[in-house]
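Asker: Data file run.csv (CSV, C-alpha atoms) is appended below.
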```
chain,number,residue,atom,x,y,z
A,1,LEU,CA,-35.0,9.5,17.6
A,2,VAL,CA,-36.5,12.7,16.3
A,3,THR,CA,-40.0,12.5,14.8
A,4,VAL,CA,-40.9,15.1,12.3
A,5,THR,CA,-44.6,15.9,11.7
A,6,ALA,CA,-46.3,18.4,9.4
A,7,ALA,CA,-47.0,21.8,10.9
A,8,PRO,CA,-50.6,22.7,11.6
A,9,ALA,CA,-52.4,24.7,9.0
A,10,ALA,CA,-52.6,28.5,9.5
A,11,VAL,CA,-56.0,29.8,10.4
A,12,ARG,CA,-55.4,32.8,8.1
A,13,THR,CA,-52.6,34.7,6.4
A,14,GLN,CA,-51.4,38.1,7.3
A,15,SER,CA,-49.3,40.7,5.4
A,16,VAL,CA,-46.1,41.2,7.4
A,17,ALA,CA,-43.8,44.1,6.9
A,18,GLY,CA,-40.0,43.7,7.1
A,19,LYS,CA,-36.9,45.7,6.8
A,20,VAL,CA,-33.4,44.5,5.9
A,21,LEU,CA,-30.4,46.4,7.3
A,22,ALA,CA,-26.7,46.2,6.7
A,23,LEU,CA,-24.4,45.8,9.8
A,24,ASP,CA,-23.9,49.6,10.0
A,25,GLY,CA,-27.7,50.1,10.1
A,26,ALA,CA,-28.1,51.3,6.5
A,27,ALA,CA,-31.0,50.0,4.5
A,28,LEU,CA,-30.2,47.0,2.2
A,29,ALA,CA,-31.9,46.7,-1.2
A,30,ASP,CA,-32.2,43.7,-3.5
A,31,VAL,CA,-32.3,41.1,-0.7
A,32,THR,CA,-34.4,38.0,-1.6
A,33,VAL,CA,-36.3,36.4,1.3
A,34,THR,CA,-38.0,33.0,1.0
A,35,ALA,CA,-40.2,31.6,3.7
A,36,THR,CA,-40.7,27.9,4.5
A,37,GLY,CA,-44.3,28.3,3.4
A,38,GLY,CA,-43.2,29.4,-0.1
A,39,ALA,CA,-43.8,33.1,0.2
A,40,THR,CA,-41.0,35.2,-1.3
A,41,ALA,CA,-40.2,38.9,-1.7
A,42,THR,CA,-37.3,41.3,-2.5
A,43,SER,CA,-36.3,44.3,-0.5
A,44,ALA,CA,-36.8,47.8,-2.0
A,45,SER,CA,-34.3,50.7,-2.0
A,46,ASP,CA,-35.2,51.6,1.6
A,47,GLY,CA,-34.7,48.0,2.7
A,48,SER,CA,-38.5,47.3,3.1
A,49,LEU,CA,-40.4,44.3,2.0
A,50,SER,CA,-43.8,42.6,2.6
A,51,LEU,CA,-44.7,38.9,2.9
A,52,MET,CA,-47.9,37.0,3.3
A,53,LEU,CA,-47.4,34.6,6.2
A,54,GLY,CA,-49.6,32.2,8.0
A,55,VAL,CA,-50.8,33.4,11.4
A,56,GLY,CA,-49.6,31.4,14.5
A,57,ILE,CA,-47.3,29.1,12.5
A,58,PRO,CA,-43.5,29.4,12.9
A,59,GLN,CA,-41.8,30.3,9.7
A,60,THR,CA,-38.1,30.2,8.8
A,61,LEU,CA,-37.1,33.1,6.6
A,62,ARG,CA,-34.0,32.8,4.5
A,63,PHE,CA,-32.3,36.0,3.2
A,64,THR,CA,-29.8,36.0,0.4
A,65,ARG,CA,-27.9,38.6,-1.6
A,66,ALA,CA,-24.7,38.4,-3.5
A,67,GLY,CA,-21.8,39.6,-1.4
A,68,PHE,CA,-23.5,39.0,1.9
A,69,ALA,CA,-23.6,36.0,4.3
A,70,THR,CA,-26.8,34.1,4.2
A,71,GLN,CA,-29.2,35.1,7.0
A,72,VAL,CA,-31.8,32.8,8.6
A,73,GLN,CA,-34.4,34.0,11.0
A,74,THR,CA,-37.6,32.5,12.5
A,75,PHE,CA,-40.8,34.4,12.8
A,76,THR,CA,-44.3,33.6,14.1
A,77,VAL,CA,-47.1,36.0,13.3
A,78,PRO,CA,-49.0,36.4,16.6
A,79,THR,CA,-52.7,35.4,16.4
A,80,SER,CA,-53.6,38.8,17.8
A,81,SER,CA,-51.7,40.8,15.2
A,82,GLY,CA,-53.2,43.0,12.6
A,83,SER,CA,-51.4,45.4,10.2
A,84,ASP,CA,-48.7,45.9,12.9
A,85,ALA,CA,-46.9,42.6,12.3
A,86,ARG,CA,-43.3,43.3,11.3
A,87,PHE,CA,-39.7,42.2,11.7
A,88,ASP,CA,-36.2,43.6,11.1
A,89,VAL,CA,-33.1,41.6,10.0
A,90,VAL,CA,-29.4,42.4,9.8
A,91,MET,CA,-27.1,41.0,7.1
A,92,LEU,CA,-23.3,40.8,7.3
A,93,PRO,CA,-21.0,41.4,4.3
A,94,GLN,CA,-19.4,38.2,3.1
A,95,GLN,CA,-15.6,38.1,3.2
A,96,PRO,CA,-13.9,38.0,-0.3
A,97,GLN,CA,-13.5,34.6,-1.9
A,98,GLN,CA,-10.2,32.9,-2.0
A,99,THR,CA,-9.1,30.2,-4.4
A,100,LEU,CA,-7.9,26.7,-3.5
A,101,ALA,CA,-5.8,25.8,-6.6
A,102,ASP,CA,-6.8,22.2,-6.9
A,103,ALA,CA,-9.4,20.4,-4.9
A,104,SER,CA,-8.0,17.0,-5.8
A,105,ALA,CA,-4.7,18.0,-4.1
A,106,GLY,CA,-6.3,19.7,-1.1
A,107,GLY,CA,-4.8,22.6,0.8
A,108,THR,CA,-5.3,25.2,3.5
A,109,LEU,CA,-6.7,28.7,3.3
A,110,SER,CA,-6.7,31.3,6.0
A,111,GLY,CA,-9.1,34.3,6.4
A,112,LYS,CA,-10.2,37.1,8.7
A,113,ASP,CA,-9.3,36.9,12.4
A,114,GLY,CA,-7.8,33.4,12.1
A,115,ALA,CA,-10.6,31.7,10.3
A,116,GLN,CA,-9.1,28.7,8.4
A,117,ILE,CA,-10.1,25.6,6.5
A,118,ALA,CA,-7.8,22.7,5.7
A,119,LEU,CA,-9.0,20.2,3.1
A,120,PRO,CA,-7.4,16.9,2.4
A,121,ALA,CA,-7.0,15.6,-1.1
A,122,ASN,CA,-10.1,14.5,-3.0
A,123,ALA,CA,-12.4,15.8,-0.2
A,124,LEU,CA,-15.0,17.6,-2.3
A,125,VAL,CA,-18.0,16.6,-4.4
A,126,SER,CA,-20.6,18.5,-6.4
A,127,ALA,CA,-24.3,18.6,-5.6
A,128,SER,CA,-24.7,15.5,-7.8
A,129,GLY,CA,-22.0,13.6,-5.9
A,130,ALA,CA,-19.3,13.8,-8.6
A,131,ALA,CA,-15.7,14.3,-7.5
A,132,VAL,CA,-14.5,17.9,-7.7
A,133,THR,CA,-11.1,18.7,-9.3
A,134,GLY,CA,-9.5,21.9,-10.2
A,135,ALA,CA,-9.9,25.3,-8.6
A,136,VAL,CA,-12.5,25.9,-5.9
A,137,GLN,CA,-13.6,29.3,-4.4
A,138,ILE,CA,-14.0,29.5,-0.7
A,139,SER,CA,-15.2,32.4,1.5
A,140,MET,CA,-14.9,32.4,5.3
A,141,THR,CA,-17.0,35.0,7.1
A,142,PRO,CA,-16.7,35.2,10.9
A,143,VAL,CA,-19.5,36.8,12.9
A,144,ASP,CA,-18.4,39.1,15.8
A,145,VAL,CA,-21.3,38.6,18.1
A,146,THR,CA,-20.0,41.4,20.4
A,147,GLU,CA,-20.8,44.0,17.8
A,148,PRO,CA,-24.1,45.9,17.7
A,149,ARG,CA,-27.1,43.8,16.5
A,150,ALA,CA,-25.0,40.7,17.5
A,151,GLY,CA,-22.9,41.3,14.4
A,152,GLY,CA,-25.6,39.8,12.1
A,153,PHE,CA,-25.8,36.5,14.0
A,154,PRO,CA,-27.8,34.0,11.9
A,155,GLY,CA,-30.7,31.9,13.2
A,156,ARG,CA,-32.1,32.0,16.7
A,157,PHE,CA,-30.1,31.6,20.0
A,158,GLU,CA,-31.5,28.1,20.5
A,159,GLY,CA,-30.0,24.7,20.0
A,160,ILE,CA,-31.1,21.1,19.5
A,161,ASN,CA,-29.2,18.6,21.6
A,162,ALA,CA,-28.3,15.0,20.8
A,163,ASP,CA,-31.3,13.8,22.9
A,164,ALA,CA,-33.6,16.1,20.8
A,165,SER,CA,-34.1,18.5,23.7
A,166,ILE,CA,-34.0,22.2,22.9
A,167,SER,CA,-32.0,24.7,25.0
A,168,PRO,CA,-30.9,28.3,24.7
A,169,ILE,CA,-27.3,28.8,23.5
A,170,VAL,CA,-24.7,31.6,23.8
A,171,SER,CA,-22.5,32.0,20.8
A,172,LEU,CA,-18.9,33.0,21.0
A,173,GLY,CA,-18.9,33.7,17.3
A,174,PRO,CA,-20.0,31.5,14.3
A,175,THR,CA,-18.2,31.4,10.9
A,176,GLU,CA,-19.9,30.9,7.5
A,177,PHE,CA,-17.9,28.7,5.1
A,178,VAL,CA,-19.1,28.8,1.5
A,179,LEU,CA,-17.4,26.5,-1.1
A,180,THR,CA,-18.2,26.9,-4.8
A,181,GLN,CA,-16.8,26.0,-8.2
A,182,GLY,CA,-17.9,28.2,-11.1
A,183,GLY,CA,-20.7,29.6,-8.9
A,184,ALA,CA,-22.2,26.2,-8.0
A,185,PRO,CA,-22.0,24.9,-4.5
A,186,VAL,CA,-19.7,22.0,-3.6
A,187,GLN,CA,-19.5,20.1,-0.3
A,188,ILE,CA,-17.5,17.6,1.7
A,189,ALA,CA,-17.6,14.1,0.3
A,190,PRO,CA,-19.2,11.3,2.3
A,191,GLY,CA,-16.5,9.9,4.6
A,192,ALA,CA,-14.2,12.9,4.2
A,193,SER,CA,-13.6,15.7,6.6
A,194,ALA,CA,-12.2,19.2,6.8
A,195,THR,CA,-10.4,20.8,9.7
A,196,ILE,CA,-11.9,24.3,10.4
A,197,THR,CA,-10.6,27.0,12.8
A,198,MET,CA,-13.0,29.7,13.9
A,199,PRO,CA,-12.3,32.9,15.8
A,200,ILE,CA,-14.1,33.5,19.1
A,201,TYR,CA,-14.9,37.0,20.1
A,202,ALA,CA,-15.6,36.5,23.8
A,203,ASP,CA,-12.7,36.0,26.3
A,204,ARG,CA,-14.6,34.4,29.1
A,205,ASP,CA,-17.3,31.9,30.0
A,206,LEU,CA,-20.7,32.8,31.4
A,207,ASP,CA,-19.3,32.3,35.0
A,208,GLY,CA,-16.6,35.0,34.3
A,209,ARG,CA,-13.7,32.5,34.0
A,210,LEU,CA,-11.2,33.4,31.4
A,211,PHE,CA,-10.9,30.9,28.6
A,212,ALA,CA,-7.6,29.0,28.3
A,213,VAL,CA,-5.9,26.9,25.6
A,214,GLY,CA,-7.3,23.3,25.8
A,215,ASP,CA,-10.8,24.3,26.9
A,216,ARG,CA,-13.5,22.3,25.2
A,217,ILE,CA,-16.4,24.4,23.8
A,218,PRO,CA,-19.8,23.1,22.5
A,219,LEU,CA,-19.9,23.1,18.7
A,220,TRP,CA,-23.0,23.9,16.8
A,221,SER,CA,-24.0,24.0,13.1
A,222,LEU,CA,-26.9,26.0,11.7
A,223,ASP,CA,-30.0,24.3,10.4
A,224,GLU,CA,-30.9,26.7,7.6
A,225,GLN,CA,-34.4,25.1,7.2
A,226,GLY,CA,-35.4,25.4,10.9
A,227,GLY,CA,-33.3,28.4,12.0
A,228,GLY,CA,-32.0,26.6,15.1
A,229,TRP,CA,-28.5,25.2,15.8
A,230,ILE,CA,-27.7,21.5,16.0
A,231,ASN,CA,-25.1,20.2,18.5
A,232,GLU,CA,-22.1,18.7,16.7
A,233,GLY,CA,-20.0,17.8,19.8
A,234,GLU,CA,-17.1,20.0,20.9
A,235,GLY,CA,-14.4,22.2,19.6
A,236,VAL,CA,-11.0,22.7,21.4
A,237,LEU,CA,-9.6,26.2,22.0
A,238,VAL,CA,-6.2,26.2,20.3
A,239,ALA,CA,-5.0,29.8,20.8
```
Output the structure of this file as structure tokens.
Answerer:
Amino acid sequence: LVTVTAAPAAVRTQSVAGKVLALDGAALADVTVTATGGATATSASDGSLSLMLGVGIPQTLRFTRAGFATQVQTFTVPTSSGSDARFDVVMLPQQPQQTLADASAGGTLSGKDGAQIALPANALVSASGAAVTGAVQISMTPVDVTEPRAGGFPGRFEGINADASISPIVSLGPTEFVLTQGGAPVQIAPGASATITMPIYADRDLDGRLFAVGDRIPLWSLDEQGGGWINEGEGVLVA
């Protein structure tokens, strides 16, 4: 049982400077950031932005821009901070969309480095819960965490276990799956499931042992509201 309570009120607000970078380190303009407290801003041509955030209160910052994978970061303004409060964030270009010809028939699409999604027939619904038919656009963006700046890894390296305990995690490489129809998001229908395949970019476990086919690896999904990762069981190494 997880009990959710309201966060304590901030004692004051503080202007926080931020900078948004592309994976190659170049400044990234026109990125919209929205904080859980409601503050919002858009990055300028030099990648800079400014937000008013509550001091001492954890905030989840969600960064979006067309053509880039959604980035989620958490940030707490220290109570001792003044005008020096700042953060940097890295965003990863989204892989090109592919088209699944007919959602009612299902099908399989493959992307970069072996990323793949296999959908059964009639597996998708709209945000309102209506069955989705016809063509659906899907992008699959793997994150190579061995690259500089962790490849644009989203969220924090922290996970929530089934018993609600929180522990640090090490990522072998997440993949963002985005499913839309006519620009509107669609999702897996209640009771349906998709089979996903994700590339991993590390070849050995923390103890130095090489991974092998059949190994079971913890599986996590990103909580875009809290910035942490939620344990979803295990995945199996297939190749």
Asker: Within 12 Å of Ala202 in chain A, counting all atoms listed in the file, which residues show up once you throw out same-chain ones fewer than 5 positions away? Write them as a PyMOL selection string, please.
Answerer: chain A and resi 143-147+170-174+208-212
Asker: Could you give me, as a Markdown table, every range 59-162 of chain A residue with an atom at most 9 Å from range 223-228 of chain A, plus its closest atom pair and distance in Å to one decimal, counting all atoms listed in the file, rows ordered by chain then number?
Answerer:
```
| residue | atom | partner | partner_atom | distance |
| --- | --- | --- | --- | --- |
| A:Gln59 | CA | A:Gly226 | CA | 8.1 |
| A:Thr60 | CA | A:Gly226 | CA | 5.9 |
| A:Leu61 | CA | A:Gly227 | CA | 8.1 |
| A:Arg62 | CA | A:Glu224 | CA | 7.5 |
| A:Gln71 | CA | A:Glu224 | CA | 8.6 |
| A:Val72 | CA | A:Gly227 | CA | 5.8 |
| A:Gln73 | CA | A:Gly227 | CA | 5.8 |
| A:Thr74 | CA | A:Gly227 | CA | 6.0 |
| A:Pro154 | CA | A:Gly227 | CA | 7.8 |
| A:Gly155 | CA | A:Gly227 | CA | 4.5 |
| A:Arg156 | CA | A:Gly228 | CA | 5.6 |
| A:Phe157 | CA | A:Gly228 | CA | 7.3 |
| A:Glu158 | CA | A:Gly228 | CA | 5.6 |
| A:Gly159 | CA | A:Gly228 | CA | 5.6 |
| A:Ile160 | CA | A:Gly228 | CA | 7.1 |
```
Asker: Emit the selected residues as a PDB file, in the coordinates of the input, including C-alpha atoms.
Answerer:
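Wrote part_18.pdb, looks like this:
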```
ATOM      1  CA  GLN A  59     -41.800  30.300   9.700  1.00  0.00           C
ATOM      2  CA  THR A  60     -38.100  30.200   8.800  1.00  0.00           C
ATOM      3  CA  LEU A  61     -37.100  33.100   6.600  1.00  0.00           C
ATOM      4  CA  ARG A  62     -34.000  32.800   4.500  1.00  0.00           C
ATOM      5  CA  GLN A  71     -29.200  35.100   7.000  1.00  0.00           C
ATOM      6  CA  VAL A  72     -31.800  32.800   8.600  1.00  0.00           C
ATOM      7  CA  GLN A  73     -34.400  34.000  11.000  1.00  0.00           C
ATOM      8  CA  THR A  74     -37.600  32.500  12.500  1.00  0.00           C
ATOM      9  CA  PRO A 154     -27.800  34.000  11.900  1.00  0.00           C
ATOM     10  CA  GLY A 155     -30.700  31.900  13.200  1.00  0.00           C
ATOM     11  CA  ARG A 156     -32.100  32.000  16.700  1.00  0.00           C
ATOM     12  CA  PHE A 157     -30.100  31.600  20.000  1.00  0.00           C
ATOM     13  CA  GLU A 158     -31.500  28.100  20.500  1.00  0.00           C
ATOM     14  CA  GLY A 159     -30.000  24.700  20.000  1.00  0.00           C
ATOM     15  CA  ILE A 160     -31.100  21.100  19.500  1.00  0.00           C
TER      16      ILE A 160
END
```
Asker: Could you tell me how far CA of Asp163 in chain A sits from CA of Ala35 in chain A, in Å to one decimal place?
Answerer: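 Going from CA of Ala35 in chain A over to CA of Asp163 in chain A covers 27.7 Å.
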Asker: Which value, in Å to one decimal, gives the distance between CA of Gly191 in chain A and CA of Phe177 in chain A?
Answerer: 18.9 Å
Asker: I'd like the interatomic distance between CA of Ala164 in chain A and CA of Trp229 in chain A, to a tenth of an Å.
Answerer: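 Result for CA of Ala164 in chain A versus CA of Trp229 in chain A: 11.6 Å, one decimal.
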Asker: Tell me which of A:Thr36, A:Ser104, A:Ser110, A:Ser167 sits closest to Ala189 in chain A, counting all atoms listed in the file.
Answerer: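 Closest to Ala189 in chain A, using all atoms listed in the file: A:Ser104.
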Asker: Need to verify the contact set: Ala130 in chain A, 12 Å, only C-alpha atoms, exclusion of same-chain residues closer than 6 positions in sequence. Can you return it as a PyMOL selection string?
Answerer: chain A and resi 122-124+186-190
Asker: Would you mind listing what lies within 12 Å of Thr79 in chain A as a ChimeraX atom specification, with all atoms listed in the file counted and same-chain residues fewer than 5 positions away left out?
Answerer: /A:10-14,53-58,84-85
Asker: If we count all atoms listed in the file, what is near Glu232 in chain A at a cut-off of 7 Å, once residues fewer than 3 positions away on the same chain are taken out, given as a PyMOL selection string?
Answerer: chain A and resi 219-221
Asker: Go through A:Ala194, A:Ala101, A:Ala39, A:Leu23 one by one, measure the shortest atom-to-atom distance of each to Phe68 in chain A using only C-alpha atoms, and give the residue with the smallest value.
Answerer: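 Looking only at the distances to Phe68 in chain A, the closest residue turns out to be A:Leu23.
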Asker: Would you mind listing what lies within 9 Å of Gly235 in chain A as a list of chain:residue names, with all atoms listed in the file counted and same-chain residues fewer than 4 positions away left out?
Answerer: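 Counting only the stated atoms, we get A:Asp215, A:Arg216, A:Ile217, A:Pro218, A:Leu219.
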Asker: Take the point (-42.2, 43.0, 2.5) in the file's coordinates, draw a sphere of radius 6 Å around it, and report as a ChimeraX atom specification every protein, DNA or RNA residue with an atom inside or on it, counting only C-alpha atoms.
Answerer: /A:17-18,48-51
Asker: The selected residues should be written to file as a compact mmCIF listing (two decimals), in the coordinates of the input (atoms: C-alpha atoms).
Answerer:
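As written to disk, selection.txt reads:
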```
# COMPACT_ATOMS: atom_id res chain seq x y z
CA ALA A 17 -43.80 44.10 6.90
CA GLY A 18 -40.00 43.70 7.10
CA SER A 48 -38.50 47.30 3.10
CA LEU A 49 -40.40 44.30 2.00
CA SER A 50 -43.80 42.60 2.60
CA LEU A 51 -44.70 38.90 2.90
```
Asker: Smallest atom-to-atom distance to Phe87 in chain A: which of A:Phe75, A:Gly67, A:Ser193, A:Ser128, using all atoms listed in the file?
Answerer: A:Phe75
Asker: If I put a ball of radius 7 Å at (-16.4, 28.9, 12.4) in the file's coordinates, which residues poke into it when counting all atoms listed in the file, written as a list in words?
Answerer: Ala115, Pro142, Pro174, Thr175, Glu176, Ile196, Thr197, Met198 and Pro199 of chain A
Asker: For each of A:Ala41, A:Leu237, A:Ala127, A:Met91, take the minimum atom-to-atom distance to Leu179 in chain A, counting all atoms listed in the file, then give the residue where this is smallest.
Answerer: A:Ala127
Asker: Using only C-alpha atoms, which of A:Val213, A:Ala121, A:Leu28, A:Ala162 sits nearest Val89 in chain A?
Answerer: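 Closest candidate: A:Leu28.
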